[in-house]
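Heads up: the structure comes next, in structure tokens.
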Amino acid sequence: MVIASEVPLRAFRPESALGACVDGMEKGDMAGIFTPANIAAMKTAGLRSLAYRLRTELGVECWHWNPQGHWSDERHHQGYWISEATPTAPIQLSNGYRLPRRGDTIDQANNEGYSRLDDGDLHTFWKSNPYLDRYYTHESNALHPQWILVDLGKPRPVDAIRIFWAEPYATRFCVEYWRTADGETNQSIDDTFDTNGWHTFPHGLVEHGTGGSALMPLCKKPVVVRLVRIWMTESSERAPKGATDVRDGLGYAVREVQIGWLDRHGRLHDEVHHVPNRHQTLIYVSSTDPWHRWKDRDANVEQPGFDLVKNSGLSHDLPMLVPVGLLYDTPENAVAELRWLETRGIHIKCVELGEEPDGQYVSPEDYGALFVQWATAIHRFDPHLPLVGPGFQTELQDVLYWPNASGDRSWVHRFLVYLKQHGHLDDLRYFSFEWYPYDNVCTKDTERQLLRDPLLIRRILARWRAEGVPKTVAWIVSEYGYSAFAGRPEADRPAALLNAEIVGMFLSLGADTAYLYGYAPQPLMDELQCNSWGNLALFLSDDRHRIKQPLATYYAAWLLTHVWASPPQARILLYAARCRVERSTKRVLTAFAAKHPDGHWTIMLLNKDAKRAIAVKLVWHTKEGDREAKGPFEIWQLSSANYLWHPHGAESYAAPDTPPLHFVVKAPSQIILPPTSLTVVGCAPEAAKGTAYP
């Protein structure tokens, strides 16, 4: 291993760069997680920077971050909510509120809701987000088309549709079906973004719509299709009778959708399954109105209250990444939250606007329009608050969307163009995303997954830079872990190696902060039902979150924060390290070299080979050439000697489960890296004296 010791890649301070997350959980979880014993244990991991994650944004819910506040329709306790901005009683817990005008069947949280478009009830309706109407965007509604996509589950004959419009209704819209050039129709929504395939039915264009619920023939002969899309570009802007809020008349509203084929008597045979639960026909929508009522509170999802987080000490009184609701909220509620935080003395590092718009199929222009409105309101309150977005879910390839008029499918490029055209590109201080690279936690071939990670990271960051993310905009890894699904690798050493490499790689490539997901003690889960038990956690717990034992991820975090990059306030210099393993064609060895203010070095080494140990020789690359490093070397090592996972289903455990081994190797001995191991090598300043430059 050769360390390029002449010029560092970058400098960082561990207390800012190495962080962890707190997030919403299910009912009762906060009381079990935020106990003195758990908090004391969590703090020992040394992850000082904190990110607050917003589960309600993934659950199609409006976040009442402060239970105290007021409604736009105060008399009926309904409408658009703004939490109280003046601190009064401590906030221990907060909740999201389900949206009664919801259009999506599924969500990214508990997935307990359903679409109002096929719930079988003509008294309910879906309505699009009024903040995407020209009243707020100050541009044509055609630039922010709203849509309904119905997935019939399999190709079915379709030649007619009945749309039960509410108010406001679409005056211009078209009904389309999906079929690729080679005739493929049996595809999901995710298959539609990277190729052409949307076709308007022969009689599917309406240019002067009048609402109502008339049956609409689409073609003479049925077309066998799976996906049907209603694409709306002009609104009646007519509010329901008695409405007093301007937002009630903006966007589009639909009570129910029927799609199918006409028999010889002209009767529609509906292929849509209408039930008020997730077993209904799958429907996706472009956006949802954040209007709701007092009785829509979701008690099953709890967000930790800001006072609970502050008083826990997990933020170490350092500036925190905080979210504001965006997709299902109002800019006034966002500003109230930030005003409350500043008044309460909670330091803000940056503000993330929304979360996972890509996973919720939000268009780049719609997210951009909301970003601009929220940025304007927030910076009117505090012009110095750094803003973060878009908060992608893990994307291993490019993020694509249906092409715009110029044929551009790149979500990132179109979002950045939108910000630039509207004079708000400078408001984007950080580009945020999550990193869970592997969905398959059932595999036993974790070595192969570990080998791919550096390539995946380099490729996606290079792509986003090529698509226009300015070099002045730093990366923030708002969550990271092995997988978004719970499974065995997360409880075993592969997760420890991957987490350490994620930190080293992203810091090397310019990330400002990387936040570990899994701060709270968690029980084992077999989420994919493949007898692969694990979880994203530093500590294994029982079902009440009482700690049973530390996991390998804890020891990896401890090595990073207490040995490799320590003390937390120090200015650490990160250097490149090149590794070559003899008689191996695989990149099984990865290294990250750090230089500390007192001149000593720490080198983090990952041996990803699941079977072979590696003997390592350290070499300094200097102006005079390559020279072997001098000893002695202080070693900290996580391997099977101190941590071994025993997979026994729900009763899986680690034994031994002890802190990393700590010993000294005297030169010129080689450093032995056991299979699937994480090692940190400490070199005193004299170990590199006369060789390292400067």
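By convention in this document, the chains of the structure tokens carry letters A, B, ... by their order, each chain's residues are numbered from 1, and ligands are numbered from 1 in the order they are shown.
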Running DSSP on the backbone, which parts of segment 292-460 of chain A land in strand (DSSP E or B), as a compact mmCIF listing (two decimals) with N, CA and C atoms, in the first residue's frame?
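Heads up, here's the output in selection.txt:
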```
# COMPACT_ATOMS: atom_id res chain seq x y z
N HIS A 292 -56.00 18.86 5.52
CA HIS A 292 -56.37 17.74 6.39
C HIS A 292 -57.20 18.25 7.56
N ARG A 293 -57.55 17.34 8.48
CA ARG A 293 -58.44 17.65 9.59
C ARG A 293 -57.83 17.19 10.91
N ARG A 297 -54.95 12.61 12.53
CA ARG A 297 -53.68 12.34 13.21
C ARG A 297 -53.33 10.85 13.13
N ASP A 298 -52.09 10.56 12.75
CA ASP A 298 -51.60 9.18 12.68
C ASP A 298 -50.82 8.88 13.96
N ALA A 299 -51.48 8.24 14.89
CA ALA A 299 -50.84 7.93 16.17
C ALA A 299 -49.84 6.79 16.06
N ASN A 300 -49.84 6.08 14.93
CA ASN A 300 -48.94 4.94 14.77
C ASN A 300 -47.53 5.32 14.36
N VAL A 301 -47.34 6.57 13.97
CA VAL A 301 -46.00 7.06 13.61
C VAL A 301 -45.64 8.21 14.53
N GLU A 302 -44.54 8.07 15.24
CA GLU A 302 -44.07 9.10 16.16
C GLU A 302 -42.75 9.68 15.67
N GLN A 303 -42.69 10.99 15.59
CA GLN A 303 -41.42 11.69 15.39
C GLN A 303 -40.90 12.13 16.76
N PRO A 304 -39.59 12.00 17.03
CA PRO A 304 -39.09 12.51 18.31
C PRO A 304 -39.25 14.02 18.38
N MET A 320 -27.30 21.12 13.72
CA MET A 320 -27.97 19.89 13.31
C MET A 320 -28.60 20.07 11.93
N LEU A 321 -28.59 19.00 11.14
CA LEU A 321 -29.37 19.00 9.90
C LEU A 321 -30.83 18.78 10.28
N VAL A 322 -31.68 19.73 9.91
CA VAL A 322 -33.10 19.62 10.23
C VAL A 322 -33.90 19.63 8.94
N PRO A 323 -35.02 18.92 8.93
CA PRO A 323 -35.88 18.91 7.74
C PRO A 323 -37.06 19.86 7.91
N VAL A 324 -37.65 20.23 6.82
CA VAL A 324 -38.97 20.84 6.83
C VAL A 324 -39.83 20.07 5.84
N ILE A 348 -28.75 25.20 13.94
CA ILE A 348 -29.10 24.61 12.65
C ILE A 348 -27.88 24.64 11.73
N LYS A 349 -27.47 23.46 11.28
CA LYS A 349 -26.38 23.37 10.31
C LYS A 349 -26.89 23.69 8.91
N CYS A 350 -28.04 23.08 8.56
CA CYS A 350 -28.65 23.31 7.26
C CYS A 350 -30.07 22.77 7.31
N VAL A 351 -30.85 23.13 6.30
CA VAL A 351 -32.26 22.77 6.27
C VAL A 351 -32.53 21.96 5.01
N GLU A 352 -32.99 20.71 5.18
CA GLU A 352 -33.31 19.87 4.04
C GLU A 352 -34.79 20.04 3.69
N LEU A 353 -35.04 20.36 2.41
CA LEU A 353 -36.40 20.63 1.96
C LEU A 353 -37.02 19.35 1.41
N LEU A 387 -29.54 25.76 2.57
CA LEU A 387 -30.61 24.86 2.18
C LEU A 387 -30.05 23.62 1.48
N VAL A 388 -30.75 22.51 1.69
CA VAL A 388 -30.30 21.21 1.21
C VAL A 388 -31.42 20.55 0.41
N GLY A 389 -31.05 19.86 -0.64
CA GLY A 389 -32.01 19.08 -1.42
C GLY A 389 -31.25 18.26 -2.44
N PRO A 390 -31.87 17.38 -3.15
CA PRO A 390 -33.30 17.02 -3.06
C PRO A 390 -33.61 15.91 -2.06
N GLY A 391 -32.58 15.33 -1.43
CA GLY A 391 -32.83 14.24 -0.48
C GLY A 391 -33.24 12.96 -1.17
N PHE A 392 -32.49 12.58 -2.22
CA PHE A 392 -32.80 11.37 -2.98
C PHE A 392 -32.78 10.13 -2.10
N LEU A 400 -34.10 9.29 -13.60
CA LEU A 400 -34.77 9.66 -14.85
C LEU A 400 -36.22 10.03 -14.60
N SER A 410 -33.14 13.68 -17.65
CA SER A 410 -32.34 13.75 -16.44
C SER A 410 -33.04 14.58 -15.37
N LEU A 428 -29.17 26.49 -3.30
CA LEU A 428 -28.83 25.08 -3.06
C LEU A 428 -27.39 25.01 -2.59
N ARG A 429 -27.20 24.89 -1.28
CA ARG A 429 -25.85 24.86 -0.71
C ARG A 429 -25.27 23.44 -0.65
N TYR A 430 -26.15 22.46 -0.45
CA TYR A 430 -25.72 21.06 -0.36
C TYR A 430 -26.66 20.20 -1.20
N PHE A 431 -26.10 19.20 -1.83
CA PHE A 431 -26.88 18.22 -2.59
C PHE A 431 -26.94 16.95 -1.74
N SER A 432 -28.15 16.56 -1.33
CA SER A 432 -28.30 15.47 -0.36
C SER A 432 -28.89 14.22 -1.00
N PHE A 433 -28.51 13.10 -0.46
CA PHE A 433 -28.99 11.80 -0.93
C PHE A 433 -28.70 10.75 0.13
N GLU A 434 -29.41 9.63 0.03
CA GLU A 434 -29.19 8.50 0.92
C GLU A 434 -28.35 7.47 0.18
N TRP A 435 -27.68 6.59 0.95
CA TRP A 435 -26.83 5.58 0.33
C TRP A 435 -27.01 4.24 1.03
```
Pull the closest atom pair for each residue of segment 212-308 of chain A that gets at most 12 Å from segment 143-146 of chain A, along with the distance in Å to one decimal, counting only C-alpha atoms, ordering rows by chain and then ascending residue number, as JSON lines.
```
{"residue": "A:Arg229", "atom": "CA", "partner": "A:Gln146", "partner_atom": "CA", "distance": 10.3}
{"residue": "A:Ile230", "atom": "CA", "partner": "A:Gln146", "partner_atom": "CA", "distance": 8.4}
{"residue": "A:Trp231", "atom": "CA", "partner": "A:Gln146", "partner_atom": "CA", "distance": 6.2}
{"residue": "A:Met232", "atom": "CA", "partner": "A:Gln146", "partner_atom": "CA", "distance": 5.2}
{"residue": "A:Thr233", "atom": "CA", "partner": "A:Pro145", "partner_atom": "CA", "distance": 4.9}
{"residue": "A:Glu234", "atom": "CA", "partner": "A:Pro145", "partner_atom": "CA", "distance": 8.2}
{"residue": "A:Ser235", "atom": "CA", "partner": "A:Gln146", "partner_atom": "CA", "distance": 10.0}
{"residue": "A:Leu250", "atom": "CA", "partner": "A:Gln146", "partner_atom": "CA", "distance": 11.8}
{"residue": "A:Gly251", "atom": "CA", "partner": "A:Gln146", "partner_atom": "CA", "distance": 8.1}
{"residue": "A:Tyr252", "atom": "CA", "partner": "A:Gln146", "partner_atom": "CA", "distance": 7.8}
{"residue": "A:Ala253", "atom": "CA", "partner": "A:Gln146", "partner_atom": "CA", "distance": 10.4}
{"residue": "A:Val254", "atom": "CA", "partner": "A:Gln146", "partner_atom": "CA", "distance": 11.8}
{"residue": "A:Tyr284", "atom": "CA", "partner": "A:Gln146", "partner_atom": "CA", "distance": 11.0}
{"residue": "A:Val285", "atom": "CA", "partner": "A:Gln146", "partner_atom": "CA", "distance": 7.6}
{"residue": "A:Ser286", "atom": "CA", "partner": "A:Gln146", "partner_atom": "CA", "distance": 5.5}
{"residue": "A:Ser287", "atom": "CA", "partner": "A:Gln146", "partner_atom": "CA", "distance": 7.2}
{"residue": "A:Thr288", "atom": "CA", "partner": "A:Gln146", "partner_atom": "CA", "distance": 9.9}
{"residue": "A:Asp289", "atom": "CA", "partner": "A:Gln146", "partner_atom": "CA", "distance": 11.9}
```
Store the residues picked out above, limited to C-alpha atoms, as a PDB file, in the first residue's frame.
```
ATOM      1  CA  ARG A 229     -52.315   7.929 -17.499  1.00  0.00           C
ATOM      2  CA  ILE A 230     -54.489  11.035 -17.187  1.00  0.00           C
ATOM      3  CA  TRP A 231     -52.332  14.086 -18.037  1.00  0.00           C
ATOM      4  CA  MET A 232     -53.813  17.427 -16.913  1.00  0.00           C
ATOM      5  CA  THR A 233     -52.516  20.813 -18.077  1.00  0.00           C
ATOM      6  CA  GLU A 234     -55.311  23.381 -17.513  1.00  0.00           C
ATOM      7  CA  SER A 235     -57.626  23.807 -14.541  1.00  0.00           C
ATOM      8  CA  LEU A 250     -56.323  25.541  -7.371  1.00  0.00           C
ATOM      9  CA  GLY A 251     -55.120  22.394  -9.116  1.00  0.00           C
ATOM     10  CA  TYR A 252     -57.299  19.408 -10.020  1.00  0.00           C
ATOM     11  CA  ALA A 253     -59.707  17.196  -8.094  1.00  0.00           C
ATOM     12  CA  VAL A 254     -61.130  13.771  -8.990  1.00  0.00           C
ATOM     13  CA  TYR A 284     -49.876   6.890  -8.483  1.00  0.00           C
ATOM     14  CA  VAL A 285     -50.314  10.662  -8.634  1.00  0.00           C
ATOM     15  CA  SER A 286     -48.076  13.647  -9.308  1.00  0.00           C
ATOM     16  CA  SER A 287     -48.837  15.433  -6.027  1.00  0.00           C
ATOM     17  CA  THR A 288     -51.352  15.673  -3.172  1.00  0.00           C
ATOM     18  CA  ASP A 289     -53.063  18.583  -1.462  1.00  0.00           C
TER      19      ASP A 289
END
```
Checklist entry - Which residues, written as an MDAnalysis selection string, have at least one atom at most 6 Å from segment 57-68 of chain A, with only C-alpha atoms counted and residues fewer than 4 positions away on the same chain left out? => result chainID A and resid 83:84 94:99 107:109 328:329
May I have the residues within 12 Å of Lys586 of chain A as a PDB file with C-alpha atoms, in the first residue's frame, using only C-alpha atoms and disregarding those fewer than 6 positions away in the same chain?
```pdb
ATOM      1  CA  GLU A 447     -17.700 -10.064  -0.694  1.00  0.00           C
ATOM      2  CA  ARG A 448     -18.989  -9.350  -4.180  1.00  0.00           C
ATOM      3  CA  LEU A 450     -18.285  -5.006  -0.916  1.00  0.00           C
ATOM      4  CA  LEU A 451     -16.092  -5.045  -4.016  1.00  0.00           C
ATOM      5  CA  ARG A 452     -18.648  -3.066  -6.049  1.00  0.00           C
ATOM      6  CA  CYS A 579      -3.338  -0.614  -2.891  1.00  0.00           C
ATOM      7  CA  ARG A 580      -2.043  -3.550  -4.921  1.00  0.00           C
ATOM      8  CA  ASN A 607      -9.740  -6.490   3.659  1.00  0.00           C
ATOM      9  CA  LYS A 608     -12.883  -7.499   1.750  1.00  0.00           C
ATOM     10  CA  ASP A 609     -11.661 -10.970   0.906  1.00  0.00           C
TER      11      ASP A 609
END
```
Checklist outcome for this item: With distances taken over only C-alpha atoms, the candidate from A:Gly313, A:Pro675, A:Gly69, A:Gly113 nearest Ile283 of chain A is A:Gly113
Checklist entry - Leaving out segment 208-217 of chain A and any residue of its chain fewer than 3 positions from it, which residues lie within 12 Å of it when counting only C-alpha atoms, given as a PyMOL selection string? => result chain A and resi 122+158-175+201-205+220-223+232-238+252-263+266-270
Next on the checklist: Give me, as a ChimeraX atom specification, all polymer residues having an atom no more than 10 Å from Phe633 of chain A, counting only C-alpha atoms and skipping those fewer than 2 positions away in the same chain.
Outcome noted: /A:602,629-631,635-636,663-671,680-684,687
Generate the output file for the selected residues, N, CA and C atoms, as a CSV table (one decimal), in the first residue's frame.
```csv
chain,number,residue,atom,x,y,z
A,602,THR,N,-2.9,7.9,10.8
A,602,THR,CA,-3.8,6.7,11.0
A,602,THR,C,-4.2,6.2,9.6
A,629,ALA,N,7.6,2.4,5.2
A,629,ALA,CA,7.4,3.1,6.4
A,629,ALA,C,8.1,2.4,7.6
A,630,LYS,N,8.6,3.2,8.5
A,630,LYS,CA,9.2,2.7,9.7
A,630,LYS,C,8.2,2.4,10.8
A,631,GLY,N,8.6,1.5,11.7
A,631,GLY,CA,7.7,1.2,12.8
A,631,GLY,C,8.1,1.9,14.1
A,635,ILE,N,-1.8,-1.0,16.3
A,635,ILE,CA,-2.9,-1.7,15.5
A,635,ILE,C,-4.2,-1.8,16.3
A,636,TRP,N,-5.3,-1.4,15.7
A,636,TRP,CA,-6.6,-1.7,16.2
A,636,TRP,C,-7.3,-2.6,15.1
A,663,PHE,N,-2.9,-3.9,19.5
A,663,PHE,CA,-1.6,-4.4,19.8
A,663,PHE,C,-0.6,-3.6,19.0
A,664,VAL,N,0.7,-3.9,19.1
A,664,VAL,CA,1.8,-3.2,18.5
A,664,VAL,C,2.6,-4.1,17.6
A,665,VAL,N,2.9,-3.7,16.4
A,665,VAL,CA,3.8,-4.4,15.5
A,665,VAL,C,5.1,-3.6,15.3
A,666,LYS,N,6.2,-4.3,15.5
A,666,LYS,CA,7.5,-3.6,15.3
A,666,LYS,C,8.0,-3.8,13.9
A,667,ALA,N,8.6,-2.8,13.3
A,667,ALA,CA,9.1,-2.9,12.0
A,667,ALA,C,10.3,-3.9,12.0
A,668,PRO,N,10.6,-4.5,10.9
A,668,PRO,CA,10.0,-4.4,9.6
A,668,PRO,C,8.9,-5.5,9.4
A,669,SER,N,8.2,-5.9,10.4
A,669,SER,CA,7.2,-6.9,10.3
A,669,SER,C,6.1,-6.4,9.4
A,670,GLN,N,5.4,-7.3,8.7
A,670,GLN,CA,4.3,-7.0,7.9
A,670,GLN,C,3.0,-6.9,8.8
A,671,ILE,N,2.0,-6.2,8.4
A,671,ILE,CA,0.7,-6.1,9.1
A,671,ILE,C,-0.2,-7.1,8.5
A,680,VAL,N,-7.2,-0.4,11.7
A,680,VAL,CA,-6.6,1.0,11.7
A,680,VAL,C,-5.2,0.9,12.3
A,681,VAL,N,-4.3,1.4,11.5
A,681,VAL,CA,-2.9,1.4,11.8
A,681,VAL,C,-2.4,2.8,12.2
A,682,GLY,N,-1.8,2.9,13.4
A,682,GLY,CA,-1.3,4.2,13.8
A,682,GLY,C,0.2,4.3,13.7
A,683,CYS,N,0.6,5.4,13.0
A,683,CYS,CA,2.1,5.6,12.8
A,683,CYS,C,2.5,6.9,13.6
A,684,ALA,N,3.4,6.8,14.5
A,684,ALA,CA,3.9,8.0,15.2
A,684,ALA,C,4.6,8.8,14.2
A,687,ALA,N,7.7,7.5,12.6
A,687,ALA,CA,7.6,6.4,11.7
A,687,ALA,C,7.8,6.8,10.2
```
Item to check | Shortest interatomic distance to Lys548 of chain A - which of A:Leu524, A:Arg264, A:His123, A:Arg459, counting only C-alpha atoms | outcome: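 Going through A:Leu524, A:Arg264, A:His123, A:Arg459 one by one, the smallest distance to Lys548 of chain A is for A:Leu524.
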Checklist entry - Could you name the residues that touch Ala20 of chain A at 8 Å or less, counting only C-alpha atoms, but leaving out those on the same chain fewer than 5 positions away, as a ChimeraX atom specification? => result /A:47-51,479,514-519
Serialized selection, C-alpha atoms, as a compact mmCIF listing (two decimals), in the first residue's frame:
```txt
# COMPACT_ATOMS: atom_id res chain seq x y z
CA LEU A 47 -20.81 10.22 16.10
CA ARG A 48 -21.36 13.82 17.12
CA SER A 49 -23.11 15.45 14.16
CA LEU A 50 -26.86 14.76 14.06
CA ALA A 51 -29.43 14.63 11.27
CA GLU A 479 -28.46 8.53 5.53
CA ALA A 514 -22.14 11.42 6.17
CA TYR A 515 -24.90 10.41 8.60
CA LEU A 516 -25.14 6.79 9.74
CA TYR A 517 -28.68 5.40 9.86
CA GLY A 518 -29.28 2.99 12.71
CA TYR A 519 -28.32 5.06 15.74
```
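Proximity ranking of A:Asp133, A:Lys420, A:Asp118, A:His199 relative to Val272 of chain A places A:Asp118 first, based on only C-alpha atoms.
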Item to check | DSSP-assigned helix (DSSP H, G or I) members of segment 296-383 of chain A, reported as a VMD selection string | outcome: chain A and resid 296 306 to 312 331 to 344 364 to 381
Could you save the residues just selected, with C-alpha atoms, as a PDB file, in the first residue's frame?
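Contents of the output file out-v1.pdb:
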```pdb
ATOM      1  CA  ASP A 296     -56.475  12.631  10.649  1.00  0.00           C
ATOM      2  CA  PHE A 306     -37.275  18.606  19.198  1.00  0.00           C
ATOM      3  CA  ASP A 307     -37.001  19.066  22.963  1.00  0.00           C
ATOM      4  CA  LEU A 308     -36.596  15.318  23.448  1.00  0.00           C
ATOM      5  CA  VAL A 309     -33.705  15.326  20.960  1.00  0.00           C
ATOM      6  CA  LYS A 310     -32.106  18.461  22.403  1.00  0.00           C
ATOM      7  CA  ASN A 311     -32.286  17.266  25.998  1.00  0.00           C
ATOM      8  CA  SER A 312     -30.869  13.842  25.087  1.00  0.00           C
ATOM      9  CA  PRO A 331     -44.007  27.233   3.479  1.00  0.00           C
ATOM     10  CA  GLU A 332     -45.539  29.011   6.478  1.00  0.00           C
ATOM     11  CA  ASN A 333     -45.260  25.857   8.586  1.00  0.00           C
ATOM     12  CA  ALA A 334     -41.619  25.451   7.523  1.00  0.00           C
ATOM     13  CA  VAL A 335     -40.745  29.009   8.561  1.00  0.00           C
ATOM     14  CA  ALA A 336     -42.562  28.583  11.879  1.00  0.00           C
ATOM     15  CA  GLU A 337     -40.461  25.485  12.611  1.00  0.00           C
ATOM     16  CA  LEU A 338     -37.175  27.279  11.947  1.00  0.00           C
ATOM     17  CA  ARG A 339     -38.259  30.283  13.985  1.00  0.00           C
ATOM     18  CA  TRP A 340     -39.098  27.962  16.889  1.00  0.00           C
ATOM     19  CA  LEU A 341     -35.733  26.178  16.650  1.00  0.00           C
ATOM     20  CA  GLU A 342     -33.752  29.409  16.657  1.00  0.00           C
ATOM     21  CA  THR A 343     -35.766  30.761  19.590  1.00  0.00           C
ATOM     22  CA  ARG A 344     -35.237  27.502  21.473  1.00  0.00           C
ATOM     23  CA  PRO A 364     -38.002  17.839 -11.193  1.00  0.00           C
ATOM     24  CA  GLU A 365     -39.931  20.969 -12.162  1.00  0.00           C
ATOM     25  CA  ASP A 366     -42.552  20.403  -9.441  1.00  0.00           C
ATOM     26  CA  TYR A 367     -39.884  19.835  -6.796  1.00  0.00           C
ATOM     27  CA  GLY A 368     -38.058  22.880  -8.154  1.00  0.00           C
ATOM     28  CA  ALA A 369     -41.179  25.046  -7.897  1.00  0.00           C
ATOM     29  CA  LEU A 370     -41.746  24.021  -4.289  1.00  0.00           C
ATOM     30  CA  PHE A 371     -38.028  24.478  -3.516  1.00  0.00           C
ATOM     31  CA  VAL A 372     -38.180  28.044  -4.874  1.00  0.00           C
ATOM     32  CA  GLN A 373     -41.270  28.930  -2.826  1.00  0.00           C
ATOM     33  CA  TRP A 374     -39.871  27.417   0.386  1.00  0.00           C
ATOM     34  CA  ALA A 375     -36.429  28.987  -0.178  1.00  0.00           C
ATOM     35  CA  THR A 376     -38.004  32.406  -0.687  1.00  0.00           C
ATOM     36  CA  ALA A 377     -40.035  32.125   2.516  1.00  0.00           C
ATOM     37  CA  ILE A 378     -37.161  30.712   4.584  1.00  0.00           C
ATOM     38  CA  HIS A 379     -34.616  33.277   3.437  1.00  0.00           C
ATOM     39  CA  ARG A 380     -37.093  36.062   4.049  1.00  0.00           C
ATOM     40  CA  PHE A 381     -36.963  34.892   7.674  1.00  0.00           C
TER      41      PHE A 381
END
```
Which residues of segment 87-164 of chain A come within 9 Å of segment 242-248 of chain A, and for each one, what is the closest pair of atoms and their distance in Å to one decimal, counting only C-alpha atoms, sorted by chain and residue number, as a Markdown table?
```
| residue | atom | partner | partner_atom | distance |
| --- | --- | --- | --- | --- |
| A:Asn129 | CA | A:Arg247 | CA | 8.8 |
| A:Pro130 | CA | A:Arg247 | CA | 5.6 |
| A:Tyr131 | CA | A:Arg247 | CA | 8.0 |
```
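When atom CA of His648 of chain A is paired with atom CA of Leu559 of chain A, their separation reads 27.7 Å.
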